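Chemist: See query-v3.txt below, with compact mmCIF, C-alpha atoms.
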# COMPACT_ATOMS: atom_id res chain seq x y z
CA MET A 833 -87.75 -37.77 149.84
CA VAL A 834 -86.30 -35.13 152.18
CA LYS A 835 -89.16 -35.49 154.68
CA ARG A 836 -88.79 -39.27 154.62
CA ALA A 837 -85.03 -38.98 155.12
CA ILE A 838 -85.51 -36.71 158.14
CA HIS A 839 -87.99 -39.20 159.59
CA ILE A 840 -85.65 -42.18 159.17
CA LEU A 841 -82.62 -40.32 160.53
CA ASP A 842 -84.48 -39.27 163.68
CA ASN A 843 -82.77 -41.18 166.50
CA LYS A 844 -86.21 -42.35 167.71
CA ASN A 845 -86.74 -44.22 164.40
CA LEU A 846 -83.32 -45.07 163.04
CA ASP A 847 -82.72 -48.33 164.90
CA ASP A 848 -86.12 -49.70 163.86
CA PHE A 849 -85.43 -48.92 160.21
CA LYS A 850 -81.96 -50.46 160.44
CA ALA A 851 -83.47 -53.65 161.87
CA GLY A 852 -86.20 -53.57 159.20
CA ALA A 853 -83.62 -53.22 156.44
CA LEU A 854 -81.64 -56.21 157.67
CA ALA A 855 -84.75 -58.34 158.15
CA ARG A 856 -85.85 -57.62 154.57
CA ALA A 857 -82.35 -58.32 153.20
CA LYS A 858 -82.36 -61.72 154.90
CA GLU A 859 -85.26 -62.73 152.64
CA PHE A 860 -82.82 -62.43 149.71
CA ASP A 861 -80.07 -64.49 151.32
CA VAL A 862 -78.22 -66.59 148.76
CA ASN A 863 -79.08 -69.70 150.80
CA ALA A 864 -82.77 -68.98 150.29
CA VAL A 865 -82.58 -68.17 146.58
CA LEU A 866 -80.09 -70.84 145.47
CA PRO A 867 -82.52 -73.77 145.94
CA ILE A 868 -85.02 -71.97 143.68
CA TYR A 869 -82.41 -71.93 140.91
CA GLU A 870 -81.50 -75.57 141.54
CA ASP A 871 -85.16 -76.63 141.32
CA PHE A 872 -85.57 -74.64 138.13
CA TYR A 873 -82.50 -76.28 136.58
CA GLN A 874 -83.91 -79.70 137.46
CA SER A 875 -87.31 -78.91 135.97
CA VAL A 876 -85.77 -77.60 132.71
CA LEU A 877 -83.52 -80.65 132.42
CA ALA A 878 -86.45 -83.00 133.06
CA LYS A 879 -88.64 -81.24 130.51
CA HIS A 880 -85.84 -81.31 127.94
CA GLN A 881 -85.27 -85.01 128.53
CA GLU A 882 -89.00 -85.67 128.18
CA SER A 883 -89.20 -83.78 124.88
CA LEU A 884 -86.23 -85.77 123.55
CA SER A 885 -87.89 -89.06 124.57
CA ASN A 886 -91.12 -88.02 122.87
CA SER A 887 -89.35 -87.13 119.66
CA PHE A 888 -88.03 -90.68 119.23
CA MET B 1471 -71.83 -59.76 139.04
CA VAL B 1472 -74.95 -61.75 139.95
CA ALA B 1473 -73.98 -64.52 137.53
CA THR B 1474 -70.56 -64.78 139.16
CA GLU B 1475 -72.02 -64.92 142.65
CA LEU B 1476 -74.55 -67.54 141.51
CA GLY B 1477 -71.80 -69.67 139.97
CA LYS B 1478 -69.69 -69.43 143.11
CA ALA B 1479 -72.63 -70.38 145.32
CA LEU B 1480 -73.53 -73.35 143.09
CA ALA B 1481 -69.91 -74.52 143.08
CA LYS B 1482 -69.94 -74.42 146.87
CA GLU B 1483 -72.95 -76.74 146.77
CA GLY B 1484 -70.94 -79.23 144.71
CA HIS B 1485 -72.04 -78.37 141.17
CA GLU B 1486 -69.34 -78.09 138.50
CA ILE B 1487 -69.54 -74.58 137.08
CA HIS B 1488 -67.88 -73.37 133.89
CA PHE B 1489 -67.91 -69.63 133.21
CA ILE B 1490 -67.75 -68.71 129.53
CA THR B 1491 -66.92 -65.01 129.40
CA SER B 1492 -65.08 -62.37 127.43
CA SER B 1493 -62.83 -61.75 130.44
CA GLN B 1494 -62.31 -63.18 133.91
CA PRO B 1495 -65.18 -61.92 136.13
CA ALA B 1496 -63.91 -59.46 138.77
CA ARG B 1497 -65.63 -61.30 141.61
CA LEU B 1498 -64.30 -64.71 140.55
CA ASP B 1499 -61.57 -64.30 143.13
CA VAL B 1500 -61.72 -67.57 145.06
CA PHE B 1501 -60.30 -71.00 144.45
CA ASN B 1502 -62.84 -73.78 144.26
CA PRO B 1503 -62.09 -77.07 142.51
CA ASN B 1504 -65.59 -76.94 140.98
CA LEU B 1505 -65.04 -73.57 139.28
CA TYR B 1506 -63.64 -73.14 135.78
CA CYS B 1507 -63.33 -70.09 133.56
CA HIS B 1508 -63.15 -70.14 129.76
CA GLU B 1509 -62.44 -66.88 127.99
CA ASP B 1510 -63.87 -66.48 124.50
CA ARG B 1511 -61.21 -64.60 122.59
CA VAL B 1512 -62.65 -62.32 119.94
CA ARG B 1513 -60.33 -61.70 117.05
CA SER B 1514 -60.48 -58.70 114.76
CA TYR B 1515 -60.39 -59.22 111.02
CA ALA B 1516 -59.76 -56.56 108.42
CA LEU B 1517 -62.81 -57.93 106.62
CA PHE B 1518 -65.18 -56.85 109.41
CA GLN B 1519 -65.66 -53.35 110.78
CA TYR B 1520 -66.52 -54.84 114.20
CA ALA B 1521 -65.13 -57.96 115.86
CA PRO B 1522 -67.71 -60.79 115.59
CA TYR B 1523 -68.30 -61.39 119.33
CA GLU B 1524 -71.35 -63.67 119.04
CA LEU B 1525 -69.54 -65.93 116.63
CA ALA B 1526 -66.66 -66.38 119.09
CA LEU B 1527 -69.08 -66.88 121.98
CA SER B 1528 -71.16 -69.54 120.19
CA SER B 1529 -68.02 -71.38 119.11
CA LYS B 1530 -66.67 -71.30 122.66
CA MET B 1531 -69.96 -72.63 124.02
CA VAL B 1532 -69.84 -75.52 121.53
CA ASP B 1533 -66.26 -76.30 122.52
CA VAL B 1534 -66.90 -76.19 126.28
CA VAL B 1535 -70.15 -78.19 126.12
CA ILE B 1536 -68.45 -80.99 124.20
CA ASN B 1537 -65.15 -81.09 126.07
CA GLU B 1538 -66.44 -80.45 129.58
CA LYS B 1539 -69.61 -82.54 129.11
CA LEU B 1540 -71.98 -79.85 130.33
CA ASP B 1541 -75.61 -80.68 131.16
CA LEU B 1542 -77.05 -77.19 130.94
CA LEU B 1543 -76.22 -73.70 129.68
CA HIS B 1544 -77.37 -70.77 131.78
CA VAL B 1545 -76.91 -67.48 129.96
CA HIS B 1546 -77.31 -64.02 131.42
CA TYR B 1547 -78.86 -61.28 129.26
CA ALA B 1548 -81.01 -62.00 126.23
CA VAL B 1549 -78.56 -60.39 123.84
CA PRO B 1550 -76.02 -61.38 122.87
CA HIS B 1551 -75.78 -64.41 125.16
CA ALA B 1552 -79.14 -66.09 124.58
CA SER B 1553 -78.88 -65.70 120.83
CA ALA B 1554 -75.33 -67.10 120.96
CA ALA B 1555 -76.58 -70.01 123.10
CA TYR B 1556 -79.31 -70.81 120.56
CA MET B 1557 -76.71 -70.86 117.79
CA ALA B 1558 -74.48 -73.14 119.89
CA GLN B 1559 -77.44 -75.41 120.68
CA GLN B 1560 -78.21 -75.83 116.98
CA ILE B 1561 -74.58 -76.56 116.09
CA LEU B 1562 -74.36 -79.08 118.93
CA LYS B 1563 -77.50 -80.82 117.68
CA THR B 1564 -75.78 -81.55 114.35
CA LYS B 1565 -72.94 -83.16 116.31
CA GLY B 1566 -75.27 -85.37 118.36
CA TYR B 1567 -75.30 -83.28 121.56
CA GLU B 1568 -78.59 -82.13 123.07
CA ILE B 1569 -78.35 -79.39 125.68
CA PRO B 1570 -81.03 -77.05 127.03
CA PHE B 1571 -80.30 -73.41 127.83
CA ILE B 1572 -81.79 -71.05 130.37
CA THR B 1573 -81.85 -67.30 129.88
CA THR B 1574 -81.94 -64.86 132.78
CA LEU B 1575 -83.21 -61.37 131.98
CA HIS B 1576 -81.50 -58.73 134.08
CA GLY B 1577 -82.92 -55.45 132.86
CA THR B 1578 -80.85 -53.49 130.39
CA ASP B 1579 -81.19 -56.35 127.89
CA ILE B 1580 -84.93 -55.63 127.95
CA THR B 1581 -85.37 -52.02 129.03
CA ILE B 1582 -82.68 -50.47 126.82
CA VAL B 1583 -81.12 -52.84 124.28
CA GLY B 1584 -84.19 -54.97 123.66
CA LYS B 1585 -86.65 -52.14 123.12
CA ASP B 1586 -84.45 -50.77 120.37
CA ALA B 1587 -86.35 -51.78 117.22
CA THR B 1588 -83.05 -52.88 115.66
CA ASN B 1589 -82.61 -55.61 118.28
CA GLU B 1590 -86.22 -56.54 119.06
CA PRO B 1591 -86.56 -59.50 116.61
CA VAL B 1592 -83.41 -61.17 117.99
CA VAL B 1593 -84.41 -60.54 121.61
CA THR B 1594 -87.91 -61.96 121.11
CA PHE B 1595 -86.59 -64.97 119.17
CA SER B 1596 -83.86 -65.73 121.72
CA ILE B 1597 -86.27 -65.59 124.65
CA ASN B 1598 -88.82 -67.80 122.91
CA LYS B 1599 -86.18 -70.35 121.95
CA SER B 1600 -84.86 -70.62 125.51
CA ASP B 1601 -85.73 -73.83 127.36
CA GLY B 1602 -86.27 -71.78 130.51
CA VAL B 1603 -86.49 -68.05 131.17
CA THR B 1604 -86.09 -66.19 134.44
CA ALA B 1605 -86.37 -62.50 135.32
CA VAL B 1606 -85.01 -60.79 138.41
CA SER B 1607 -88.27 -59.06 139.36
CA ASP B 1608 -92.02 -59.14 138.68
CA ASP B 1609 -91.72 -55.72 137.14
CA LEU B 1610 -89.10 -56.90 134.64
CA LYS B 1611 -91.29 -59.88 133.75
CA LYS B 1612 -94.27 -57.57 133.20
CA ASP B 1613 -92.16 -55.19 131.13
CA THR B 1614 -90.89 -58.08 128.98
CA LEU B 1615 -94.37 -59.46 128.37
CA GLU B 1616 -95.68 -56.00 127.50
CA HIS B 1617 -93.00 -55.17 124.96
CA PHE B 1618 -92.13 -58.48 123.36
CA ASP B 1619 -94.23 -61.23 121.84
CA VAL B 1620 -93.01 -63.78 124.38
CA THR B 1621 -94.75 -67.14 124.22
CA VAL B 1622 -92.81 -69.02 126.90
CA PRO B 1623 -93.32 -68.77 130.68
CA ILE B 1624 -91.03 -66.46 132.64
CA LYS B 1625 -90.16 -67.46 136.19
CA VAL B 1626 -89.25 -64.68 138.59
CA ILE B 1627 -86.18 -65.46 140.70
CA PRO B 1628 -84.93 -62.40 142.56
CA ASN B 1629 -81.31 -61.39 142.86
CA PHE B 1630 -79.68 -62.44 146.10
CA ILE B 1631 -77.00 -61.46 148.54
CA ASP B 1632 -74.18 -63.16 150.38
CA LEU B 1633 -74.85 -62.15 153.97
CA GLY B 1634 -71.45 -63.53 154.92
CA ARG B 1635 -69.84 -60.69 152.99
CA PHE B 1636 -72.45 -57.97 153.21
CA LYS B 1637 -72.96 -57.47 156.92
CA LYS B 1638 -72.43 -54.65 159.37
CA GLN B 1639 -68.76 -54.55 160.35
CA PRO B 1640 -67.22 -52.77 163.33
CA LYS B 1641 -65.75 -49.74 161.52
CA GLU B 1642 -66.63 -47.00 164.00
CA HIS B 1643 -63.19 -45.40 163.62
CA PHE B 1644 -64.06 -44.78 159.98
CA LYS B 1645 -67.36 -43.17 160.95
CA LYS B 1646 -65.58 -40.89 163.43
CA ALA B 1647 -63.11 -39.80 160.76
CA ILE B 1648 -65.86 -38.84 158.32
CA CYS B 1649 -68.44 -37.56 160.80
CA PRO B 1650 -66.34 -36.16 163.68
CA ASN B 1651 -69.26 -34.25 165.19
CA GLY B 1652 -71.73 -37.11 165.17
CA GLU B 1653 -73.27 -36.22 161.81
CA LYS B 1654 -75.46 -38.78 160.04
CA LEU B 1655 -73.89 -40.52 157.06
CA VAL B 1656 -75.84 -40.76 153.81
CA VAL B 1657 -74.53 -42.93 150.99
CA HIS B 1658 -75.18 -43.58 147.32
CA THR B 1659 -73.51 -46.15 145.07
CA SER B 1660 -74.00 -46.41 141.34
CA ASN B 1661 -72.30 -46.42 137.97
CA PHE B 1662 -73.12 -42.74 137.51
CA ARG B 1663 -75.17 -43.21 134.37
CA LYS B 1664 -77.83 -40.61 133.59
CA VAL B 1665 -80.58 -43.10 134.44
CA LYS B 1666 -79.35 -43.17 138.08
CA ARG B 1667 -80.25 -39.46 138.48
CA VAL B 1668 -77.38 -38.73 140.85
CA ASP B 1669 -78.30 -35.04 140.60
CA ASP B 1670 -81.43 -35.89 142.60
CA VAL B 1671 -79.27 -37.48 145.30
CA LEU B 1672 -77.35 -34.19 145.58
CA LYS B 1673 -80.56 -32.11 145.64
CA VAL B 1674 -82.14 -34.28 148.34
CA PHE B 1675 -78.99 -34.22 150.42
CA CYS B 1676 -78.62 -30.44 150.23
CA GLU B 1677 -82.14 -30.01 151.61
CA LEU B 1678 -81.60 -32.71 154.23
CA ARG B 1679 -78.40 -31.18 155.65
CA LYS B 1680 -80.28 -27.95 156.39
CA VAL B 1681 -82.26 -29.92 158.98
CA VAL B 1682 -80.06 -32.89 159.93
CA PRO B 1683 -76.28 -32.43 160.26
CA SER B 1684 -75.03 -35.00 157.77
CA LYS B 1685 -72.40 -36.03 155.25
CA LEU B 1686 -72.84 -37.65 151.85
CA LEU B 1687 -70.53 -40.25 150.33
CA LEU B 1688 -70.89 -41.16 146.67
CA ILE B 1689 -69.32 -44.43 145.59
CA GLY B 1690 -68.74 -45.47 142.00
CA ASP B 1691 -67.76 -43.90 138.74
CA GLY B 1692 -69.27 -43.31 135.34
CA PRO B 1693 -70.18 -40.83 132.63
CA GLU B 1694 -72.05 -38.37 134.89
CA ARG B 1695 -69.46 -38.16 137.65
CA LYS B 1696 -67.65 -35.03 136.47
CA LYS B 1697 -70.95 -33.18 136.03
CA MET B 1698 -72.04 -34.27 139.51
CA GLU B 1699 -68.75 -33.13 141.06
CA ASP B 1700 -69.23 -29.73 139.46
CA MET B 1701 -72.79 -29.59 140.77
CA ALA B 1702 -71.66 -30.58 144.28
CA ARG B 1703 -69.06 -27.80 144.25
CA GLU B 1704 -71.76 -25.30 143.45
CA ILE B 1705 -74.21 -26.37 146.14
CA CYS B 1706 -72.60 -27.72 149.27
CA THR B 1707 -69.25 -29.24 148.55
CA GLU B 1708 -67.81 -29.47 152.07
CA ASP B 1709 -70.18 -32.23 153.16
CA ILE B 1710 -70.02 -34.28 149.97
CA ARG B 1711 -67.26 -36.68 149.01
CA PHE B 1712 -66.84 -38.71 145.84
CA LEU B 1713 -64.96 -41.91 146.63
CA GLY B 1714 -64.82 -43.41 143.14
CA LYS B 1715 -64.90 -47.17 142.62
CA LEU B 1716 -64.49 -49.08 145.85
CA GLU B 1717 -63.94 -52.82 146.13
CA ALA B 1718 -64.96 -53.14 149.79
CA VAL B 1719 -68.17 -51.13 149.56
CA GLU B 1720 -69.55 -53.04 152.55
CA GLU B 1721 -67.05 -51.25 154.82
CA VAL B 1722 -68.58 -47.87 153.98
CA LEU B 1723 -72.10 -49.25 154.16
CA SER B 1724 -71.32 -50.57 157.65
CA VAL B 1725 -71.09 -47.03 159.03
CA SER B 1726 -73.86 -45.46 156.93
CA ASP B 1727 -77.27 -44.36 158.22
CA LEU B 1728 -79.21 -43.95 155.00
CA PHE B 1729 -78.94 -45.09 151.38
CA LEU B 1730 -80.44 -43.01 148.58
CA MET B 1731 -81.44 -44.61 145.28
CA THR B 1732 -82.99 -42.16 142.84
CA SER B 1733 -82.90 -44.27 139.66
CA GLU B 1734 -85.54 -43.74 137.00
CA LYS B 1735 -85.03 -47.37 135.90
CA GLU B 1736 -83.94 -50.23 138.11
CA SER B 1737 -84.93 -53.81 137.35
CA PHE B 1738 -84.01 -55.02 140.84
CA GLY B 1739 -81.81 -52.65 142.87
CA LEU B 1740 -78.89 -54.80 143.99
CA ALA B 1741 -77.02 -51.80 145.43
CA ALA B 1742 -79.98 -51.10 147.71
CA LEU B 1743 -80.04 -54.74 148.83
CA GLU B 1744 -76.32 -54.56 149.66
CA ALA B 1745 -77.03 -51.50 151.81
CA MET B 1746 -79.96 -53.20 153.57
CA ALA B 1747 -77.80 -56.24 154.36
CA CYS B 1748 -75.43 -53.85 156.16
CA GLU B 1749 -78.39 -52.51 158.17
CA VAL B 1750 -78.80 -49.33 156.17
CA PRO B 1751 -82.38 -48.14 155.51
CA VAL B 1752 -83.15 -47.15 151.91
CA ILE B 1753 -85.11 -44.32 150.37
CA SER B 1754 -85.73 -45.12 146.74
CA THR B 1755 -87.87 -44.18 143.80
CA ASN B 1756 -90.63 -46.60 142.84
CA ALA B 1757 -88.91 -47.45 139.56
CA GLY B 1758 -88.99 -51.01 138.23
CA GLY B 1759 -88.43 -53.69 140.85
CA LEU B 1760 -87.56 -51.34 143.72
CA PRO B 1761 -90.98 -51.56 145.43
CA GLU B 1762 -90.58 -55.36 145.45
CA LEU B 1763 -87.37 -54.97 147.45
CA ASN B 1764 -87.79 -51.91 149.63
CA THR B 1765 -90.72 -52.32 152.03
CA GLU B 1766 -92.48 -49.04 152.70
CA GLY B 1767 -92.10 -47.95 156.32
CA VAL B 1768 -90.03 -51.01 157.26
CA SER B 1769 -86.74 -51.11 155.37
CA GLY B 1770 -87.14 -47.48 154.33
CA TYR B 1771 -89.47 -45.61 152.00
CA VAL B 1772 -90.33 -45.86 148.34
Could you express the structure from this file as structure tokens?

Modeler:
Amino acid sequence: MVKRAIHILDNKNLDDFKAGALARAKEFDVNAVLPIYEDFYQSVLAKHQESLSNSF
Amino acid sequence: MVATELGKALAKEGHEIHFITSSQPARLDVFNPNLYCHEDRVRSYALFQYAPYELALSSKMVDVVINEKLDLLHVHYAVPHASAAYMAQQILKTKGYEIPFITTLHGTDITIVGKDATNEPVVTFSINKSDGVTAVSDDLKKDTLEHFDVTVPIKVIPNFIDLGRFKKQPKEHFKKAICPNGEKLVVHTSNFRKVKRVDDVLKVFCELRKVVPSKLLLIGDGPERKKMEDMAREICTEDIRFLGKLEAVEEVLSVSDLFLMTSEKESFGLAALEAMACEVPVISTNAGGLPELNTEGVSGYV
């Protein structure tokens, strides 16, 4: 871990790692993840409705 | 925390969100006409040694579902919330209400509470009775399937971040105050539980400062803090500061150069994601879901 830390903190590398960290974080932006939850809610509601219809 | 942020984000999209909690969530600090909070008050009775929390929670769920006409329950943590939701669902059925519930597994409900043989039957049952199950990382899903007889599919939906809040802010004056001679700033945030291995953060930092002039800030509080403060005093106290709990953690992250996460268990690693959003590279262990978040050689090292 120490060697890795020294490598990242080297001024030659630090800006690249900072940019890499932000780019990776953007993949977890709430605006990207929220639609996945909304789709999942819809699919669970639809499946539940279907199972209720089948039980009658 | 994640549940609160999810609720707030859904409310912003126009969904009506009702929080059912034992106390007002700390991050539920905004007004939105689509947000409601219902506190389930647990009463103590001389008859019981412990207050019956699940009973109060199930009853509150029944009450809110009926009176607020909810379409769906989304519970966070398998125990006690999923088991309480199942109980509520069954009670509601007898009253003519049909409502599905989704359970999100976050980690400690599986890795610590769930694996306790005392709780395992309830955890397994609650997961299998859920109408939908999500986990915050592939690793947590794998762990759940390995340790419990789960017969329903688990969908992985990662934790997320509000980039409007967690972003690099111009706080250079703060950096100058902490690192007056241009030192690098290393940071760690956690709840100081043993599983976070904060002692490893201190050990790594003490070796690092021999080569790179640097300072270490530790944010958070918990059972191991006193021990860690004693350890810091013994090794290299002048470059280490314990800040305690901090509401605006993003302000410190904004001026940091490196985030250390030495956890031996971490289902996702939200603190690392918060650092990355503020443009701070991360060095982490490869525990749990951390390799799914921290990209080797890009956002830091695992």

Chemist: Given the point (-75.7, -44.0, 155.6) in the coordinates of this file, which residues lie within 7 Å, counting all atoms listed in the file, and how would they look as a list in words?

Modeler: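 Here the neighbourhood of the point contains Lys1654, Leu1655, Val1656, Val1657, Leu1723, Val1725, Ser1726, Asp1727, Leu1728, Phe1729 and Val1750 of chain B.
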
Chemist: Tell me as a PyMOL selection string which residues belonging to chain A come within 6 Å of chain B, counting only C-alpha atoms.

Modeler: chain A and resi 834+849-850+852-854+857+860-862

Chemist: Find the spatial neighbours of Thr1621 in chain B, counting only C-alpha atoms, within a cut-off of 12 Å - ignore same-chain residues fewer than 5 positions away - and output them as a list in words.

Modeler: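 In the requested format, the answer is Thr1594, Phe1595, Ser1596, Ile1597, Asn1598, Lys1599, Ser1600, Asp1601, Gly1602, Val1603, Thr1614, Leu1615 and Glu1616 of chain B.
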
Chemist: Figure out the distance between CA of Thr1578 in chain B and CA of Tyr1520 in chain B, please, to one decimal in Å.

Modeler: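 Straight-line distance from CA of Tyr1520 in chain B to CA of Thr1578 in chain B works out to 21.7 Å.
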
Chemist: Smallest atom-to-atom distance to His1551 in chain B: which of B:Phe1662, B:Phe1501, B:Phe1644, B:Tyr1523, using all atoms listed in the file?

Modeler: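 Using all atoms listed in the file, the shortest distance to His1551 in chain B belongs to B:Tyr1523.
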
Chemist: Provide the CA of Lys1680 in chain B to CA of Leu1760 in chain B distance in Å, to one decimal place.

Modeler: 27.6 Å

Chemist: Suppose you want the space between CA of Thr1574 in chain B and CA of Ala1548 in chain B; what is it in Å?

Modeler: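 The value is 7.2 Å.
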
Chemist: Can you report as JSON the centre and edge lengths in Å, to one decimal, of an axis-aligned box around the listed atoms of range 846-851 of chain A padded with 8 Å on each side?

Modeler:
{"center_x": -84.0, "center_y": -49.4, "center_z": 162.6, "size_x": 20.2, "size_y": 24.6, "size_z": 20.7}
